[in-house]
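A.B. asks: Structure file protein_30.csv (CSV, C-alpha atoms) right here:
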```csv
chain,number,residue,atom,x,y,z
A,1,ARG,CA,-21.6,18.3,-8.6
A,2,TYR,CA,-20.6,14.7,-9.2
A,3,ARG,CA,-22.8,12.0,-10.6
A,4,PHE,CA,-22.6,8.4,-9.4
A,5,ARG,CA,-24.0,6.2,-12.1
A,6,ARG,CA,-25.6,3.2,-10.4
A,7,ALA,CA,-27.3,0.0,-11.4
A,8,ARG,CA,-30.6,1.8,-11.1
A,9,GLY,CA,-30.6,5.5,-11.7
A,10,GLU,CA,-27.9,7.9,-10.4
A,11,THR,CA,-27.1,9.9,-7.4
A,12,VAL,CA,-25.8,13.5,-7.6
A,13,VAL,CA,-23.3,14.7,-5.0
A,14,ASN,CA,-22.7,18.5,-4.7
A,15,LEU,CA,-19.0,18.8,-4.2
A,16,GLY,CA,-19.4,22.5,-3.4
A,17,GLN,CA,-20.7,21.6,0.1
A,18,SER,CA,-18.6,21.3,3.2
A,19,VAL,CA,-16.8,18.1,3.8
A,20,GLN,CA,-19.5,17.0,6.2
A,21,GLY,CA,-22.2,17.8,3.7
A,22,VAL,CA,-20.5,15.7,1.0
A,23,ALA,CA,-20.1,12.9,3.4
A,24,ARG,CA,-23.8,13.0,4.3
A,25,ASP,CA,-24.6,12.6,0.6
A,26,LEU,CA,-22.1,9.8,0.1
A,27,ILE,CA,-22.9,7.6,3.2
A,28,PRO,CA,-26.2,6.2,1.7
A,29,LEU,CA,-24.2,5.0,-1.3
A,30,LEU,CA,-22.2,2.6,1.0
A,31,GLN,CA,-25.3,0.4,0.8
A,32,ASP,CA,-25.6,0.6,-3.0
A,33,GLU,CA,-26.2,-2.7,-4.8
A,34,ASP,CA,-23.3,-1.9,-7.2
A,35,GLY,CA,-20.0,-3.0,-5.7
A,36,ASN,CA,-18.1,-0.5,-7.9
A,37,VAL,CA,-20.1,2.4,-6.4
A,38,ARG,CA,-19.5,1.1,-2.8
A,39,ARG,CA,-15.8,0.8,-3.6
A,40,MET,CA,-15.5,4.3,-5.0
A,41,VAL,CA,-17.4,5.9,-2.1
A,42,VAL,CA,-15.2,4.1,0.4
A,43,GLY,CA,-12.1,5.4,-1.3
A,44,LEU,CA,-13.5,9.0,-1.4
A,45,LEU,CA,-14.5,8.9,2.3
A,46,GLY,CA,-11.1,7.5,3.2
A,47,GLU,CA,-9.3,10.4,1.4
A,48,MET,CA,-11.7,13.0,2.8
A,49,PHE,CA,-11.1,11.9,6.4
A,50,ARG,CA,-7.6,10.6,6.3
A,51,SER,CA,-5.5,11.4,9.4
A,52,ASP,CA,-2.4,13.4,8.3
A,53,ASP,CA,-0.9,16.8,8.3
A,54,ARG,CA,-2.9,17.8,5.2
A,55,ASN,CA,-6.2,17.1,6.9
A,56,PRO,CA,-5.8,18.1,10.5
A,57,SER,CA,-9.6,18.4,11.1
A,58,SER,CA,-10.4,14.8,10.4
A,59,GLY,CA,-10.6,13.6,14.0
A,60,GLY,CA,-14.2,13.7,15.2
A,61,GLU,CA,-15.8,13.4,11.8
A,62,ALA,CA,-13.5,10.4,11.0
A,63,ARG,CA,-14.9,8.5,13.9
A,64,GLU,CA,-18.4,8.9,12.7
A,65,ILE,CA,-17.5,7.8,9.2
A,66,ALA,CA,-15.6,4.8,10.5
A,67,LYS,CA,-18.8,3.5,12.0
A,68,GLU,CA,-20.3,3.4,8.5
A,69,LEU,CA,-17.2,1.8,7.0
A,70,LEU,CA,-16.7,-1.0,9.5
A,71,PRO,CA,-19.5,-3.2,8.0
A,72,LEU,CA,-17.8,-3.0,4.6
A,73,LEU,CA,-14.8,-5.0,5.9
A,74,LYS,CA,-17.2,-8.0,5.5
A,75,ASP,CA,-18.5,-6.9,2.1
A,76,LYS,CA,-19.0,-9.8,-0.4
A,77,GLU,CA,-16.9,-7.9,-3.0
A,78,ILE,CA,-13.1,-8.3,-2.7
A,79,TRP,CA,-12.3,-4.7,-3.8
A,80,VAL,CA,-14.8,-3.2,-1.3
A,81,ARG,CA,-13.2,-5.1,1.6
A,82,MET,CA,-9.7,-4.1,0.4
A,83,CYS,CA,-10.6,-0.4,0.1
A,84,ALA,CA,-12.4,-0.4,3.4
A,85,ALA,CA,-9.3,-1.7,5.1
A,86,TYR,CA,-7.1,0.8,3.4
A,87,ALA,CA,-9.4,3.7,4.2
A,88,LEU,CA,-9.6,2.8,7.9
A,89,GLY,CA,-5.8,2.5,8.1
A,90,LYS,CA,-5.4,6.0,6.7
A,91,MET,CA,-8.2,7.4,8.9
A,92,PHE,CA,-6.8,6.0,12.1
A,93,ARG,CA,-3.1,6.4,11.4
A,94,SER,CA,-1.2,6.5,14.6
A,95,ASP,CA,0.1,10.1,14.7
A,96,GLY,CA,-0.9,11.4,18.0
A,97,ARG,CA,-4.5,12.2,17.0
A,98,ASN,CA,-5.9,8.6,16.8
A,99,PRO,CA,-3.8,6.4,19.1
A,100,SER,CA,-4.5,2.7,18.7
A,101,SER,CA,-5.2,2.5,22.4
A,102,ASP,CA,-8.5,4.4,22.3
A,103,GLY,CA,-11.9,2.7,22.2
A,104,GLN,CA,-12.8,3.1,18.5
A,105,SER,CA,-9.3,2.3,17.2
A,106,ARG,CA,-9.4,-0.9,19.2
A,107,GLU,CA,-12.7,-1.7,17.6
A,108,VAL,CA,-11.3,-1.0,14.1
A,109,THR,CA,-8.2,-3.2,14.7
A,110,GLN,CA,-10.4,-6.0,16.0
A,111,GLU,CA,-12.4,-6.0,12.8
A,112,LEU,CA,-9.3,-5.8,10.7
A,113,VAL,CA,-7.6,-8.9,12.2
A,114,PRO,CA,-9.9,-11.5,10.6
A,115,LEU,CA,-9.0,-10.0,7.2
A,116,LEU,CA,-5.5,-11.3,7.6
A,117,LYS,CA,-7.0,-14.7,6.8
A,118,ASP,CA,-9.1,-13.4,3.9
A,119,GLU,CA,-9.2,-15.6,0.8
A,120,ASP,CA,-7.9,-12.8,-1.3
A,121,GLU,CA,-4.2,-11.8,-1.1
A,122,ASP,CA,-4.9,-8.1,-1.8
A,123,VAL,CA,-7.3,-8.0,1.2
A,124,ARG,CA,-4.7,-9.7,3.4
A,125,MET,CA,-2.1,-7.3,2.4
A,126,HIS,CA,-4.2,-4.2,3.0
A,127,ALA,CA,-5.3,-5.5,6.3
A,128,ALA,CA,-1.7,-5.9,7.4
A,129,ASP,CA,-0.9,-2.4,6.1
A,130,ALA,CA,-3.8,-0.9,8.0
A,131,LEU,CA,-2.8,-2.5,11.3
A,132,ALA,CA,0.7,-1.1,10.9
A,133,ARG,CA,-0.6,2.4,10.1
A,134,ILE,CA,-2.9,2.3,13.1
A,135,GLY,CA,0.0,1.2,15.3
A,136,ALA,CA,-1.7,-1.9,16.6
A,137,LYS,CA,1.2,-3.4,18.4
A,138,GLU,CA,-1.0,-5.7,20.5
A,139,TYR,CA,-1.9,-7.5,17.3
A,140,ALA,CA,1.6,-7.8,15.8
A,141,LYS,CA,1.6,-11.6,16.5
A,142,GLU,CA,-1.3,-12.0,14.2
A,143,LEU,CA,1.0,-11.0,11.3
A,144,PHE,CA,3.5,-13.8,11.9
A,145,PRO,CA,1.7,-16.3,9.7
A,146,LEU,CA,1.7,-13.9,6.8
A,147,LEU,CA,5.5,-14.1,6.7
A,148,LYS,CA,4.9,-17.5,5.1
A,149,ASP,CA,2.0,-16.5,2.9
A,150,GLU,CA,2.0,-17.9,-0.7
A,151,ASN,CA,1.9,-14.3,-2.1
A,152,GLU,CA,5.1,-12.2,-2.3
A,153,SER,CA,3.3,-8.9,-1.7
A,154,VAL,CA,1.6,-10.2,1.4
A,155,ARG,CA,4.9,-11.4,2.9
A,156,GLY,CA,6.5,-8.1,2.1
A,157,MET,CA,3.8,-6.0,3.6
A,158,ALA,CA,3.6,-8.2,6.7
A,159,ALA,CA,7.4,-7.8,7.2
A,160,ILE,CA,7.1,-4.0,6.8
A,161,ALA,CA,4.3,-3.9,9.2
A,162,LEU,CA,6.2,-5.9,11.8
A,163,VAL,CA,9.2,-3.6,11.6
A,164,GLU,CA,6.9,-0.6,12.0
A,165,LEU,CA,5.3,-2.3,15.0
A,166,GLY,CA,8.6,-2.9,16.7
A,167,GLU,CA,8.9,-6.6,15.9
A,168,LYS,CA,11.8,-6.6,13.4
A,169,GLY,CA,13.3,-9.6,15.2
A,170,GLN,CA,10.5,-11.7,13.9
A,171,VAL,CA,11.3,-11.0,10.2
A,172,PRO,CA,13.3,-13.9,8.7
A,173,LYS,CA,16.1,-13.1,6.3
A,174,ASP,CA,14.5,-14.8,3.4
A,175,VAL,CA,11.6,-12.3,3.5
A,176,ILE,CA,13.9,-9.4,3.0
A,177,GLU,CA,13.7,-10.1,-0.8
A,178,ASP,CA,9.9,-9.7,-0.6
A,179,ILE,CA,10.3,-6.3,1.1
A,180,LYS,CA,12.6,-5.2,-1.8
A,181,SER,CA,9.7,-5.9,-4.2
A,182,ALA,CA,7.8,-3.1,-2.5
A,183,LEU,CA,10.3,-0.5,-3.4
A,184,ASP,CA,8.4,0.3,-6.6
A,185,TRP,CA,4.9,0.3,-5.0
A,186,GLY,CA,2.8,3.5,-5.1
A,187,GLY,CA,2.0,5.9,-2.4
A,188,ASP,CA,4.2,6.0,0.7
A,189,CYS,CA,4.9,2.2,0.5
A,190,ALA,CA,8.2,2.6,-1.2
A,191,GLU,CA,9.6,4.8,1.5
A,192,ARG,CA,8.2,2.5,4.2
A,193,ALA,CA,9.9,-0.5,2.5
A,194,LYS,CA,13.2,1.4,2.3
A,195,ALA,CA,12.9,2.3,6.0
A,196,ALA,CA,12.1,-1.3,6.9
A,197,LEU,CA,15.1,-2.6,4.9
A,198,LYS,CA,17.4,-0.1,6.7
A,199,ALA,CA,16.1,-1.2,10.0
A,200,LEU,CA,16.8,-4.8,9.1
A,201,GLY,CA,20.4,-4.0,8.3
A,202,VAL,CA,20.3,-3.8,4.5
A,203,SER,CA,22.9,-1.3,3.2
A,204,ALA,CA,21.9,1.8,1.3
A,205,GLU,CA,23.8,0.5,-1.7
A,206,ASP,CA,21.9,-2.8,-1.7
A,207,ILE,CA,18.6,-0.9,-1.4
A,208,ARG,CA,19.6,1.3,-4.4
A,209,LYS,CA,20.5,-1.7,-6.5
A,210,ALA,CA,17.2,-3.5,-5.6
A,211,LYS,CA,15.2,-0.4,-6.5
A,212,GLU,CA,16.9,-0.3,-9.9
A,213,GLU,CA,16.1,-3.9,-10.5
A,214,GLU,CA,12.4,-3.5,-9.8
```
Could you render the structure as structure tokens?

C.D. replies:
Amino acid sequence: RYRFRRARGETVVNLGQSVQGVARDLIPLLQDEDGNVRRMVVGLLGEMFRSDDRNPSSGGEAREIAKELLPLLKDKEIWVRMCAAYALGKMFRSDGRNPSSDGQSREVTQELVPLLKDEDEDVRMHAADALARIGAKEYAKELFPLLKDENESVRGMAAIALVELGEKGQVPKDVIEDIKSALDWGGDCAERAKAALKALGVSAEDIRKAKEEE
């Protein structure tokens, strides 16, 4: 059992239930007045229904959860928007189970695109990341302006995303340094940055040196 302390009272979630049961308990908390609660719940749902080899059963349930997460891409809280973008990117990762060409994935990508112009750099970065994970090649051009973003991390992620979406020719040489800064990021981002640099012709030795400098 897990207790979510809220602005008013608390909600108890029984973690001994099935995944679907836990999700049913969590979904109402997406409307909680406390932004921290909304953020934590989004993160939990994103992990529970991520699309990868460790969670092969996420397909159908993920689509139902996505319907609940989509409105949070417009949440007033920066961290909630960011976490929602990240969660949806993980849930609809293009790996054969959730191709970006299907109906709901198209809806998700359409809702993510406006976040590329969000006022917050972390939201812009995670929106770019999500579009790449989903494999939204039809929206690659929407990433072009981010290559000139004022934030280094946004430029780096936009470049990584474009390489992954088959548009490496659009990545200018001066943005390669921004990709190198991603070599010390958490999760799978470091490996993705390394792969992007290789695709752009950066030598293994230069990548190694760049990683040591970060």

A.B. asks: Using all atoms listed in the file, find all polymer residues with an atom at most 9 Å away from the point (-10.8, -4.2, -5.3); report them as a list of chain:residue names.

C.D. replies: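 It turns out the residues near that spot are A:Asn36, A:Arg39, A:Glu77, A:Ile78, A:Trp79, A:Val80, A:Arg81, A:Met82, A:Cys83, A:Asp122, A:Val123.
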
A.B. asks: List every residue of range 44-149 of chain A that has an atom at most 12 Å from any atom of range 183-207 of chain A, giving for each one its closest atom pair and the distance in Å to one decimal, counting all atoms listed in the file, sorted by chain and then by ascending residue number, as JSON lines.

C.D. replies:
```
{"residue": "A:Tyr86", "atom": "CA", "partner": "A:Gly187", "partner_atom": "CA", "distance": 11.9}
{"residue": "A:Lys90", "atom": "CA", "partner": "A:Asp188", "partner_atom": "CA", "distance": 11.3}
{"residue": "A:Met125", "atom": "CA", "partner": "A:Cys189", "partner_atom": "CA", "distance": 12.0}
{"residue": "A:His126", "atom": "CA", "partner": "A:Cys189", "partner_atom": "CA", "distance": 11.4}
{"residue": "A:Asp129", "atom": "CA", "partner": "A:Cys189", "partner_atom": "CA", "distance": 9.3}
{"residue": "A:Ala130", "atom": "CA", "partner": "A:Cys189", "partner_atom": "CA", "distance": 11.9}
{"residue": "A:Ala132", "atom": "CA", "partner": "A:Arg192", "partner_atom": "CA", "distance": 10.7}
{"residue": "A:Arg133", "atom": "CA", "partner": "A:Arg192", "partner_atom": "CA", "distance": 10.6}
```

A.B. asks: Determine the nearest neighbour of Leu88 in chain A from the options A:Arg24, A:Glu64, A:Pro114, A:Arg50, counting all atoms listed in the file.

C.D. replies: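 Residue with the minimum atom-to-atom distance to Leu88 in chain A: A:Arg50.
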
A.B. asks: So, with only C-alpha atoms as the atoms that count, which of A:Glu138, A:Asp25, A:Glu121, A:Glu107 lies closest to Gly166 in chain A?

C.D. replies: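 Of the candidates, the smallest distance to Gly166 in chain A is held by A:Glu138.
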
A.B. asks: Between A:Glu164, A:Asp32, A:Glu152, A:Glu47, which is the closest to Phe92 in chain A once you count all atoms listed in the file?

C.D. replies: A:Glu47

A.B. asks: Please, what distance in Å, to one decimal, runs between CA of Val37 in chain A and CA of Ala66 in chain A?

C.D. replies: 17.7 Å

A.B. asks: Looking at only C-alpha atoms, which of A:Glu142, A:Asp34, A:Glu61, A:Glu212 is the one that sits closest to Met91 in chain A?

C.D. replies: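 Once distances to Met91 in chain A are computed over only C-alpha atoms, the minimum belongs to A:Glu61.
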
A.B. asks: Report, in Å with one decimal, the straight-line distance from CA of Leu29 in chain A to CA of Leu70 in chain A.

C.D. replies: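 Pair CA of Leu29 in chain A / CA of Leu70 in chain A returns 14.5 Å.
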
A.B. asks: Please report the interatomic distance between CA of Leu165 in chain A and CA of Ala140 in chain A in Å with one decimal.

C.D. replies: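 About the pair CA of Leu165 in chain A and CA of Ala140 in chain A: they are 6.7 Å apart.
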
A.B. asks: Within 8 Å of Leu115 in chain A, counting only C-alpha atoms, which residues qualify if same-chain residues fewer than 6 places away don't, as a list in words?

C.D. replies: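 Counting only the stated atoms, we get Leu73, Val123, Arg124 and Ala127 of chain A.
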
A.B. asks: Kindly save the residues from that selection, with C-alpha atoms included, as a JSON list (two decimals), in the coordinates of the input.

C.D. replies:
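Saved file selection36.json follows:
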```
[["chain", "number", "residue", "atom", "x", "y", "z"],
["A", 73, "LEU", "CA", -14.80, -5.00, 5.90],
["A", 123, "VAL", "CA", -7.30, -8.00, 1.20],
["A", 124, "ARG", "CA", -4.70, -9.70, 3.40],
["A", 127, "ALA", "CA", -5.30, -5.50, 6.30]]
```

A.B. asks: Would you mind listing what lies within 10 Å of Pro145 in chain A as a list in words, with only C-alpha atoms counted and same-chain residues fewer than 2 positions away left out?

C.D. replies: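 Using only C-alpha atoms, the neighbours found are Leu116, Lys117, Lys141, Glu142, Leu143, Leu147, Lys148, Asp149, Arg155 and Ala158 of chain A.
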
A.B. asks: Just C-alpha atoms for this one: save the residues we selected as a CSV table (one decimal), in the coordinates of the input.

C.D. replies:
```
chain,number,residue,atom,x,y,z
A,116,LEU,CA,-5.5,-11.3,7.6
A,117,LYS,CA,-7.0,-14.7,6.8
A,141,LYS,CA,1.6,-11.6,16.5
A,142,GLU,CA,-1.3,-12.0,14.2
A,143,LEU,CA,1.0,-11.0,11.3
A,147,LEU,CA,5.5,-14.1,6.7
A,148,LYS,CA,4.9,-17.5,5.1
A,149,ASP,CA,2.0,-16.5,2.9
A,155,ARG,CA,4.9,-11.4,2.9
A,158,ALA,CA,3.6,-8.2,6.7
```

A.B. asks: Residues within 9 Å of Ala159 in chain A, please, as a VMD selection string. Count all atoms listed in the file; anything in the same chain fewer than 3 positions from it doesn't count.

C.D. replies: chain A and resid 143 to 144 146 to 147 154 to 156 162 to 164 167 to 168 170 to 172 175 to 176 178 to 179 196

A.B. asks: Given only C-alpha atoms as the basis, pick out the residue of A:Glu33, A:Glu68, A:Asp120, A:Glu213 nearest to Ser181 in chain A.

C.D. replies: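 Among the listed residues, A:Glu213 lies closest to Ser181 in chain A.
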
A.B. asks: Between A:Leu112, A:Arg93, A:Asp118, A:Met157, which has the minimum distance to Gly135 in chain A (counting all atoms listed in the file)?

C.D. replies: A:Arg93
